[in-house]
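Below: run15.cif (mmCIF, N, CA and C atoms)
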data_start
#
loop_
_atom_site.label_atom_id
_atom_site.label_comp_id
_atom_site.auth_asym_id
_atom_site.auth_seq_id
_atom_site.Cartn_x
_atom_site.Cartn_y
_atom_site.Cartn_z
N MET G 284 16.35 9.84 16.32
CA MET G 284 15.61 8.73 15.74
C MET G 284 14.12 9.05 15.61
N ASP G 285 13.63 9.90 16.51
CA ASP G 285 12.21 10.29 16.42
C ASP G 285 11.91 10.97 15.09
N GLY G 286 12.85 11.80 14.63
CA GLY G 286 12.67 12.50 13.37
C GLY G 286 12.62 11.55 12.19
N LEU G 287 13.48 10.55 12.18
CA LEU G 287 13.47 9.56 11.10
C LEU G 287 12.18 8.75 11.09
N ARG G 288 11.71 8.41 12.28
CA ARG G 288 10.42 7.70 12.38
C ARG G 288 9.31 8.54 11.79
N ALA G 289 9.28 9.82 12.14
CA ALA G 289 8.24 10.72 11.63
C ALA G 289 8.31 10.85 10.11
N VAL G 290 9.52 10.97 9.57
CA VAL G 290 9.68 11.08 8.12
C VAL G 290 9.22 9.78 7.44
N ALA G 291 9.60 8.64 8.00
CA ALA G 291 9.21 7.36 7.40
C ALA G 291 7.69 7.18 7.43
N ARG G 292 7.06 7.52 8.54
CA ARG G 292 5.60 7.42 8.61
C ARG G 292 4.93 8.37 7.62
N THR G 293 5.46 9.58 7.53
CA THR G 293 4.87 10.58 6.63
C THR G 293 5.00 10.15 5.17
N LEU G 294 6.21 9.74 4.78
CA LEU G 294 6.42 9.30 3.39
C LEU G 294 5.52 8.13 3.04
N TRP G 295 5.50 7.12 3.90
CA TRP G 295 4.77 5.90 3.60
C TRP G 295 3.26 6.13 3.67
N ILE G 296 2.78 6.48 4.84
CA ILE G 296 1.34 6.55 5.05
C ILE G 296 0.74 7.77 4.34
N GLY G 297 1.39 8.91 4.47
CA GLY G 297 0.91 10.09 3.77
C GLY G 297 0.92 9.90 2.27
N GLY G 298 2.00 9.33 1.76
CA GLY G 298 2.09 9.06 0.33
C GLY G 298 1.03 8.09 -0.14
N MET G 299 0.81 7.05 0.65
CA MET G 299 -0.20 6.04 0.31
C MET G 299 -1.59 6.67 0.24
N TRP G 300 -1.90 7.51 1.19
CA TRP G 300 -3.21 8.16 1.21
C TRP G 300 -3.35 9.17 0.09
N VAL G 301 -2.32 9.95 -0.17
CA VAL G 301 -2.40 10.96 -1.23
C VAL G 301 -2.61 10.28 -2.59
N VAL G 302 -1.84 9.23 -2.85
CA VAL G 302 -1.97 8.53 -4.13
C VAL G 302 -3.35 7.89 -4.26
N GLY G 303 -3.78 7.19 -3.21
CA GLY G 303 -5.04 6.44 -3.29
C GLY G 303 -6.30 7.28 -3.19
N ILE G 304 -6.26 8.33 -2.39
CA ILE G 304 -7.47 9.10 -2.13
C ILE G 304 -7.58 10.34 -3.02
N ILE G 305 -6.45 10.93 -3.37
CA ILE G 305 -6.49 12.19 -4.13
C ILE G 305 -6.04 12.01 -5.58
N VAL G 306 -4.83 11.51 -5.78
CA VAL G 306 -4.24 11.50 -7.11
C VAL G 306 -4.95 10.54 -8.07
N ALA G 307 -5.15 9.29 -7.66
CA ALA G 307 -5.77 8.31 -8.57
C ALA G 307 -7.16 8.75 -9.03
N PRO G 308 -8.04 9.18 -8.13
CA PRO G 308 -9.35 9.64 -8.62
C PRO G 308 -9.26 10.82 -9.59
N ILE G 309 -8.33 11.75 -9.33
CA ILE G 309 -8.16 12.88 -10.24
C ILE G 309 -7.68 12.40 -11.60
N LEU G 310 -6.74 11.46 -11.62
CA LEU G 310 -6.26 10.93 -12.89
C LEU G 310 -7.40 10.35 -13.71
N PHE G 311 -8.26 9.55 -13.06
CA PHE G 311 -9.35 8.90 -13.79
C PHE G 311 -10.45 9.88 -14.20
N SER G 312 -10.54 11.01 -13.52
CA SER G 312 -11.54 12.00 -13.95
C SER G 312 -11.00 12.92 -15.04
N ALA G 313 -9.67 13.04 -15.13
CA ALA G 313 -9.08 13.99 -16.08
C ALA G 313 -8.54 13.33 -17.36
N LEU G 314 -8.22 12.03 -17.29
CA LEU G 314 -7.59 11.35 -18.42
C LEU G 314 -8.45 10.17 -18.88
N ASP G 315 -8.13 9.65 -20.04
CA ASP G 315 -8.81 8.42 -20.47
C ASP G 315 -8.36 7.29 -19.54
N ASN G 316 -9.18 6.23 -19.45
CA ASN G 316 -8.93 5.16 -18.50
C ASN G 316 -7.59 4.46 -18.71
N VAL G 317 -7.18 4.29 -19.95
CA VAL G 317 -5.92 3.58 -20.22
C VAL G 317 -4.73 4.40 -19.70
N THR G 318 -4.70 5.68 -20.03
CA THR G 318 -3.61 6.54 -19.58
C THR G 318 -3.63 6.70 -18.06
N ALA G 319 -4.81 6.96 -17.53
CA ALA G 319 -4.94 7.11 -16.07
C ALA G 319 -4.49 5.85 -15.36
N GLY G 320 -4.89 4.68 -15.87
CA GLY G 320 -4.49 3.42 -15.27
C GLY G 320 -2.99 3.20 -15.30
N MET G 321 -2.37 3.58 -16.42
CA MET G 321 -0.92 3.43 -16.55
C MET G 321 -0.19 4.32 -15.54
N VAL G 322 -0.60 5.58 -15.44
CA VAL G 322 0.04 6.51 -14.52
C VAL G 322 -0.23 6.09 -13.07
N ALA G 323 -1.47 5.76 -12.77
CA ALA G 323 -1.81 5.34 -11.41
C ALA G 323 -1.04 4.08 -11.02
N GLY G 324 -0.92 3.15 -11.95
CA GLY G 324 -0.16 1.94 -11.68
C GLY G 324 1.28 2.23 -11.30
N ARG G 325 1.89 3.17 -12.01
CA ARG G 325 3.27 3.55 -11.69
C ARG G 325 3.37 4.22 -10.32
N LEU G 326 2.37 5.06 -10.02
CA LEU G 326 2.37 5.72 -8.70
C LEU G 326 2.18 4.71 -7.57
N PHE G 327 1.26 3.76 -7.77
CA PHE G 327 1.05 2.74 -6.75
C PHE G 327 2.29 1.86 -6.58
N ALA G 328 2.98 1.58 -7.67
CA ALA G 328 4.22 0.80 -7.58
C ALA G 328 5.29 1.58 -6.82
N ALA G 329 5.40 2.87 -7.12
CA ALA G 329 6.39 3.70 -6.43
C ALA G 329 6.11 3.77 -4.93
N ILE G 330 4.84 3.97 -4.57
CA ILE G 330 4.52 4.07 -3.14
C ILE G 330 4.65 2.70 -2.45
N ALA G 331 4.51 1.62 -3.20
CA ALA G 331 4.74 0.29 -2.62
C ALA G 331 6.21 0.15 -2.23
N TRP G 332 7.11 0.60 -3.10
CA TRP G 332 8.54 0.52 -2.76
C TRP G 332 8.89 1.44 -1.61
N VAL G 333 8.30 2.63 -1.59
CA VAL G 333 8.49 3.53 -0.45
C VAL G 333 8.00 2.84 0.82
N GLY G 334 6.84 2.19 0.74
CA GLY G 334 6.28 1.49 1.89
C GLY G 334 7.15 0.34 2.36
N LEU G 335 7.72 -0.40 1.42
CA LEU G 335 8.61 -1.50 1.81
C LEU G 335 9.82 -0.98 2.58
N VAL G 336 10.46 0.06 2.05
CA VAL G 336 11.65 0.60 2.70
C VAL G 336 11.29 1.21 4.05
N CYS G 337 10.28 2.08 4.06
CA CYS G 337 9.89 2.74 5.32
C CYS G 337 9.32 1.75 6.32
N GLY G 338 8.54 0.80 5.84
CA GLY G 338 7.94 -0.20 6.74
C GLY G 338 8.98 -1.08 7.39
N ILE G 339 9.97 -1.51 6.62
CA ILE G 339 11.04 -2.34 7.20
C ILE G 339 11.83 -1.52 8.22
N PHE G 340 12.10 -0.26 7.88
CA PHE G 340 12.79 0.62 8.84
C PHE G 340 11.98 0.76 10.12
N LEU G 341 10.68 1.06 10.00
CA LEU G 341 9.84 1.26 11.18
C LEU G 341 9.70 -0.01 12.00
N LEU G 342 9.60 -1.15 11.33
CA LEU G 342 9.50 -2.43 12.04
C LEU G 342 10.79 -2.73 12.79
N ALA G 343 11.94 -2.53 12.13
CA ALA G 343 13.24 -2.75 12.79
C ALA G 343 13.40 -1.80 13.97
N ASP G 344 13.03 -0.54 13.78
CA ASP G 344 13.11 0.44 14.85
C ASP G 344 12.22 0.04 16.02
N TYR G 345 11.03 -0.47 15.70
CA TYR G 345 10.10 -0.91 16.74
C TYR G 345 10.72 -2.02 17.58
N VAL G 346 11.34 -3.00 16.90
CA VAL G 346 11.97 -4.12 17.61
C VAL G 346 13.16 -3.62 18.43
N LEU G 347 13.95 -2.70 17.88
CA LEU G 347 15.09 -2.16 18.62
C LEU G 347 14.64 -1.39 19.85
N ARG G 348 13.55 -0.66 19.75
CA ARG G 348 13.06 0.13 20.88
C ARG G 348 12.40 -0.72 21.96
N TYR G 349 11.63 -1.71 21.55
CA TYR G 349 10.82 -2.46 22.52
C TYR G 349 11.32 -3.88 22.78
N GLY G 350 12.21 -4.38 21.95
CA GLY G 350 12.71 -5.74 22.13
C GLY G 350 11.60 -6.76 21.96
N ALA G 351 11.72 -7.86 22.68
CA ALA G 351 10.76 -8.96 22.56
C ALA G 351 9.36 -8.54 23.02
N ARG G 352 9.28 -7.62 23.96
CA ARG G 352 7.95 -7.19 24.43
C ARG G 352 7.18 -6.46 23.34
N GLY G 353 7.91 -5.96 22.33
CA GLY G 353 7.26 -5.30 21.20
C GLY G 353 6.35 -6.24 20.42
N LEU G 354 6.66 -7.54 20.47
CA LEU G 354 5.83 -8.53 19.78
C LEU G 354 4.44 -8.64 20.38
N LYS G 355 4.28 -8.12 21.58
CA LYS G 355 2.98 -8.16 22.25
C LYS G 355 2.19 -6.87 22.04
N GLN G 356 2.76 -5.93 21.34
CA GLN G 356 2.10 -4.63 21.16
C GLN G 356 1.45 -4.53 19.79
N GLY G 357 0.35 -3.82 19.75
CA GLY G 357 -0.41 -3.69 18.52
C GLY G 357 0.33 -2.99 17.40
N GLY G 358 1.17 -2.01 17.74
CA GLY G 358 1.91 -1.27 16.73
C GLY G 358 2.77 -2.17 15.86
N PHE G 359 3.42 -3.14 16.49
CA PHE G 359 4.25 -4.09 15.75
C PHE G 359 3.41 -4.86 14.74
N TRP G 360 2.28 -5.36 15.20
CA TRP G 360 1.43 -6.18 14.33
C TRP G 360 0.76 -5.37 13.23
N LEU G 361 0.46 -4.10 13.52
CA LEU G 361 -0.09 -3.23 12.48
C LEU G 361 0.94 -2.98 11.39
N LEU G 362 2.19 -2.69 11.78
CA LEU G 362 3.26 -2.49 10.80
C LEU G 362 3.47 -3.75 9.97
N LEU G 363 3.51 -4.89 10.65
CA LEU G 363 3.71 -6.15 9.93
C LEU G 363 2.54 -6.42 8.98
N GLY G 364 1.33 -6.16 9.42
CA GLY G 364 0.16 -6.35 8.57
C GLY G 364 0.19 -5.45 7.35
N MET G 365 0.61 -4.20 7.55
CA MET G 365 0.72 -3.27 6.43
C MET G 365 1.77 -3.75 5.43
N LEU G 366 2.89 -4.26 5.93
CA LEU G 366 3.93 -4.78 5.04
C LEU G 366 3.43 -6.02 4.29
N VAL G 367 2.68 -6.87 4.96
CA VAL G 367 2.12 -8.05 4.28
C VAL G 367 1.17 -7.61 3.17
N CYS G 368 0.38 -6.58 3.42
CA CYS G 368 -0.51 -6.05 2.38
C CYS G 368 0.28 -5.59 1.16
N ILE G 369 1.39 -4.89 1.40
CA ILE G 369 2.22 -4.43 0.28
C ILE G 369 2.77 -5.62 -0.50
N VAL G 370 3.30 -6.58 0.21
CA VAL G 370 3.91 -7.74 -0.46
C VAL G 370 2.87 -8.48 -1.30
N ILE G 371 1.71 -8.73 -0.73
CA ILE G 371 0.66 -9.43 -1.48
C ILE G 371 0.22 -8.62 -2.68
N ASN G 372 -0.06 -7.34 -2.47
CA ASN G 372 -0.56 -6.50 -3.56
C ASN G 372 0.49 -6.30 -4.65
N HIS G 373 1.70 -5.94 -4.26
CA HIS G 373 2.72 -5.58 -5.24
C HIS G 373 3.33 -6.78 -5.96
N PHE G 374 3.54 -7.87 -5.23
CA PHE G 374 4.24 -9.00 -5.83
C PHE G 374 3.34 -10.15 -6.27
N ALA G 375 2.07 -10.14 -5.86
CA ALA G 375 1.16 -11.21 -6.26
C ALA G 375 0.00 -10.68 -7.11
N VAL G 376 -0.75 -9.74 -6.58
CA VAL G 376 -1.96 -9.28 -7.26
C VAL G 376 -1.63 -8.39 -8.47
N THR G 377 -0.72 -7.44 -8.31
CA THR G 377 -0.40 -6.53 -9.41
C THR G 377 0.10 -7.26 -10.65
N PRO G 378 0.97 -8.26 -10.54
CA PRO G 378 1.38 -8.99 -11.75
C PRO G 378 0.21 -9.71 -12.44
N ILE G 379 -0.75 -10.18 -11.66
CA ILE G 379 -1.93 -10.82 -12.27
C ILE G 379 -2.72 -9.77 -13.05
N ILE G 380 -2.92 -8.60 -12.46
CA ILE G 380 -3.64 -7.53 -13.13
C ILE G 380 -2.90 -7.12 -14.41
N ALA G 381 -1.59 -7.00 -14.33
CA ALA G 381 -0.80 -6.61 -15.51
C ALA G 381 -0.95 -7.63 -16.63
N SER G 382 -0.95 -8.91 -16.29
CA SER G 382 -1.09 -9.93 -17.34
C SER G 382 -2.49 -9.92 -17.92
N LEU G 383 -3.50 -9.64 -17.12
CA LEU G 383 -4.87 -9.54 -17.64
C LEU G 383 -5.01 -8.33 -18.56
N LYS G 384 -4.32 -7.23 -18.22
CA LYS G 384 -4.37 -6.05 -19.09
C LYS G 384 -3.77 -6.37 -20.46
N LEU G 385 -2.70 -7.15 -20.47
CA LEU G 385 -2.07 -7.51 -21.74
C LEU G 385 -3.01 -8.33 -22.62
N GLN G 386 -3.87 -9.11 -22.00
CA GLN G 386 -4.80 -9.96 -22.74
C GLN G 386 -5.98 -9.16 -23.30
N MET G 387 -6.19 -7.98 -22.73
CA MET G 387 -7.34 -7.17 -23.16
C MET G 387 -6.98 -6.41 -24.43
N ASN G 388 -7.97 -6.19 -25.29
CA ASN G 388 -7.78 -5.28 -26.42
C ASN G 388 -8.89 -4.25 -26.36
N HIS G 389 -8.78 -3.23 -27.16
CA HIS G 389 -9.77 -2.14 -27.08
C HIS G 389 -11.19 -2.61 -27.35
N ALA G 390 -11.37 -3.58 -28.23
CA ALA G 390 -12.72 -4.06 -28.53
C ALA G 390 -13.33 -4.76 -27.33
N ALA G 391 -12.49 -5.41 -26.54
CA ALA G 391 -13.01 -6.18 -25.41
C ALA G 391 -13.03 -5.39 -24.11
N GLU G 392 -12.43 -4.21 -24.09
CA GLU G 392 -12.32 -3.46 -22.84
C GLU G 392 -13.65 -3.25 -22.14
N GLY G 393 -14.65 -2.85 -22.87
CA GLY G 393 -15.94 -2.59 -22.25
C GLY G 393 -16.66 -3.84 -21.82
N LEU G 394 -16.35 -4.96 -22.44
CA LEU G 394 -17.05 -6.21 -22.14
C LEU G 394 -16.30 -7.08 -21.14
N PHE G 395 -15.01 -6.81 -20.97
CA PHE G 395 -14.18 -7.67 -20.13
C PHE G 395 -14.55 -7.45 -18.67
N GLY G 396 -15.02 -8.47 -18.00
CA GLY G 396 -15.46 -8.29 -16.63
C GLY G 396 -14.64 -9.06 -15.65
N GLY G 397 -15.08 -10.27 -15.40
CA GLY G 397 -14.58 -11.15 -14.35
C GLY G 397 -13.16 -11.00 -13.91
N GLY G 398 -12.23 -11.40 -14.75
CA GLY G 398 -10.84 -11.46 -14.33
C GLY G 398 -10.28 -10.13 -13.87
N PHE G 399 -10.22 -9.17 -14.75
CA PHE G 399 -9.63 -7.88 -14.42
C PHE G 399 -10.39 -7.20 -13.30
N ALA G 400 -11.70 -7.12 -13.42
CA ALA G 400 -12.50 -6.42 -12.41
C ALA G 400 -12.37 -7.08 -11.03
N THR G 401 -12.35 -8.39 -11.02
CA THR G 401 -12.23 -9.11 -9.74
C THR G 401 -10.88 -8.84 -9.09
N TRP G 402 -9.79 -8.95 -9.86
CA TRP G 402 -8.46 -8.74 -9.29
C TRP G 402 -8.24 -7.29 -8.93
N HIS G 403 -8.81 -6.37 -9.69
CA HIS G 403 -8.70 -4.95 -9.35
C HIS G 403 -9.44 -4.68 -8.03
N ALA G 404 -10.59 -5.30 -7.85
CA ALA G 404 -11.35 -5.14 -6.60
C ALA G 404 -10.56 -5.71 -5.42
N ILE G 405 -9.93 -6.87 -5.62
CA ILE G 405 -9.12 -7.48 -4.56
C ILE G 405 -7.98 -6.55 -4.19
N SER G 406 -7.31 -6.00 -5.20
CA SER G 406 -6.20 -5.08 -4.95
C SER G 406 -6.69 -3.84 -4.19
N SER G 407 -7.84 -3.30 -4.59
CA SER G 407 -8.39 -2.13 -3.92
C SER G 407 -8.75 -2.43 -2.46
N LEU G 408 -9.29 -3.60 -2.21
CA LEU G 408 -9.63 -3.97 -0.83
C LEU G 408 -8.38 -4.15 0.03
N ILE G 409 -7.34 -4.71 -0.53
CA ILE G 409 -6.08 -4.85 0.20
C ILE G 409 -5.52 -3.47 0.54
N TYR G 410 -5.57 -2.56 -0.44
CA TYR G 410 -5.09 -1.20 -0.23
C TYR G 410 -5.93 -0.49 0.85
N LEU G 411 -7.23 -0.70 0.81
CA LEU G 411 -8.10 -0.13 1.84
C LEU G 411 -7.77 -0.69 3.22
N LEU G 412 -7.57 -2.00 3.31
CA LEU G 412 -7.20 -2.62 4.59
C LEU G 412 -5.89 -2.03 5.10
N GLN G 413 -4.91 -1.89 4.21
CA GLN G 413 -3.63 -1.30 4.59
C GLN G 413 -3.83 0.14 5.07
N SER G 414 -4.66 0.90 4.39
CA SER G 414 -4.92 2.29 4.77
C SER G 414 -5.59 2.38 6.14
N LEU G 415 -6.52 1.47 6.41
CA LEU G 415 -7.19 1.46 7.71
C LEU G 415 -6.23 1.05 8.83
N MET G 416 -5.37 0.07 8.54
CA MET G 416 -4.35 -0.31 9.53
C MET G 416 -3.42 0.87 9.80
N ALA G 417 -3.09 1.63 8.76
CA ALA G 417 -2.23 2.80 8.92
C ALA G 417 -2.90 3.83 9.82
N LEU G 418 -4.20 4.03 9.63
CA LEU G 418 -4.93 4.97 10.48
C LEU G 418 -4.87 4.55 11.95
N VAL G 419 -5.13 3.28 12.20
CA VAL G 419 -5.07 2.78 13.57
C VAL G 419 -3.65 2.92 14.12
N TYR G 420 -2.66 2.58 13.30
CA TYR G 420 -1.25 2.71 13.71
C TYR G 420 -0.93 4.14 14.12
N LEU G 421 -1.36 5.11 13.32
CA LEU G 421 -1.05 6.51 13.64
C LEU G 421 -1.79 6.99 14.88
N LEU G 422 -2.97 6.46 15.14
CA LEU G 422 -3.74 6.88 16.30
C LEU G 422 -3.29 6.24 17.60
N ARG G 423 -2.49 5.20 17.50
CA ARG G 423 -1.98 4.51 18.71
C ARG G 423 -0.88 5.35 19.34
N SER G 424 -0.72 5.21 20.64
CA SER G 424 0.32 5.98 21.33
C SER G 424 1.64 5.22 21.44
N ASP G 425 1.67 3.93 21.10
CA ASP G 425 2.89 3.14 21.30
C ASP G 425 3.77 3.05 20.07
N ASN G 426 3.56 3.88 19.08
CA ASN G 426 4.40 3.78 17.89
C ASN G 426 5.46 4.85 17.94
#
Mind turning this structure into structure tokens?
Amino acid sequence: MDGLRAVARTLWIGGMWVVGIIVAPILFSALDNVTAGMVAGRLFAAIAWVGLVCGIFLLADYVLRYGARGLKQGGFWLLLGMLVCIVINHFAVTPIIASLKLQMNHAAEGLFGGGFATWHAISSLIYLLQSLMALVYLLRSDN
């Protein structure tokens, strides 16, 4: 079971960091914003699903290993917080961003501020919070 835990943590957290810290910035530096955004969006969606599957597995494993006392440990709450971030970002914020993108046209792209920029910033902050919780989770000894 230790091996499965390690694989789940690596896929989820490593994948999340690689997409957010390495791949997305490279896409936006190498491609036009529309194409980069489309590809990055698909990658973030894919890693969200990986996170949901791995996170649920890790949370269930945590409860199986520690039982009710696990509810008092930080690792449990970090995993739950990371899963909440995924749910909010993937199922609430991302659809709002997608609908705002549909409303945009090329003439308005440079002028369009408030809606898209605000929701994109919210999504980025949620992703950052999730990434920081992941760092703390990995540094803890009780996971």
- Can you work out the spacing between atom CA of G:Ala291 and atom C of G:Val333 in Å, to one decimal? 8.1 Å
- Computed gap from atom N of G:Val419 to atom N of G:Ala343 is 18.0 Å
- Query: From the list G:Met365, G:Asp315, G:Gln356, G:Met416, which residue is nearest G:Gly334 when using only N, CA and C atoms?
  - Reply: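 Between G:Met365, G:Asp315, G:Gln356, G:Met416, the residue approaching G:Gly334 most closely is G:Met365.
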- By how many Å are atom CA of G:Arg325 and atom C of G:Leu342 apart?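 Atom-to-atom, atom CA of G:Arg325 to atom C of G:Leu342, that is 26.4 Å.
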- Distance criterion (all atoms listed in the file): nearest to G:Arg288 out of G:Leu335, G:Leu341, G:Val317, G:Ala307: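 When distances to G:Arg288 are compared using all atoms listed in the file, the smallest one comes from G:Leu341.
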- Query: Expanded to explicit residues, what is the PyMOL selection byres (((chain G and resi 297 and name CA) around 12) and name CA) for this file, as a list in words?
  - Reply: Ala289, Val290, Ala291, Arg292, Thr293, Leu294, Trp295, Ile296, Gly298, Met299, Trp300, Val301, Val302, Gly303, Ile304, Ile305, Ile330, Val333, Gly334, Cys337, Ser414, Ala417, Leu418 and Leu421 of chain G
- Query: Restricting the calculation to all atoms listed in the file, which member of G:Trp402, G:Leu362, G:Ala351, G:Met321 is positioned closest to G:Val376?
  - Reply: G:Trp402
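Ranking G:Ile339, G:Leu363, G:Ile380, G:Val346 by their shortest atom-to-atom distance to G:Ser406, with only C-alpha atoms included, puts G:Ile380 first.
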- Query: Looking only at the backbone, which of the residues in stretch 354-392 of chain G does DSSP tag as alpha helix (DSSP H), as a list in words?
  - Reply: Gly357, Gly358, Phe359, Trp360, Leu361, Leu362, Leu363, Gly364, Met365, Leu366, Val367, Cys368, Ile369, Val370, Ile371, Thr377, Pro378, Ile379, Ile380, Ala381, Ser382, Leu383, Lys384, Leu385, Gln386, His389, Ala390, Ala391 and Glu392 of chain G
- Task: Give me the residues within 12 Å of G:His403 as a PyMOL selection string, counting only C-alpha atoms and dropping any in the same chain fewer than 2 places off.
- Result: chain G and resi 320+324+372+376-381+383-384+396-401+405-410
- Task: Tell me which of G:His373, G:Tyr345, G:Leu361, G:Gly350 sits closest to G:Tyr420, counting only C-alpha atoms.
- Result: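 Residue with the minimum atom-to-atom distance to G:Tyr420: G:Leu361.
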- Selected residue of minimal separation from G:Trp332 among G:Leu385, G:Ile369, G:Leu412, G:Met284, counting all atoms listed in the file: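 Among the listed residues, G:Ile369 lies closest to G:Trp332.
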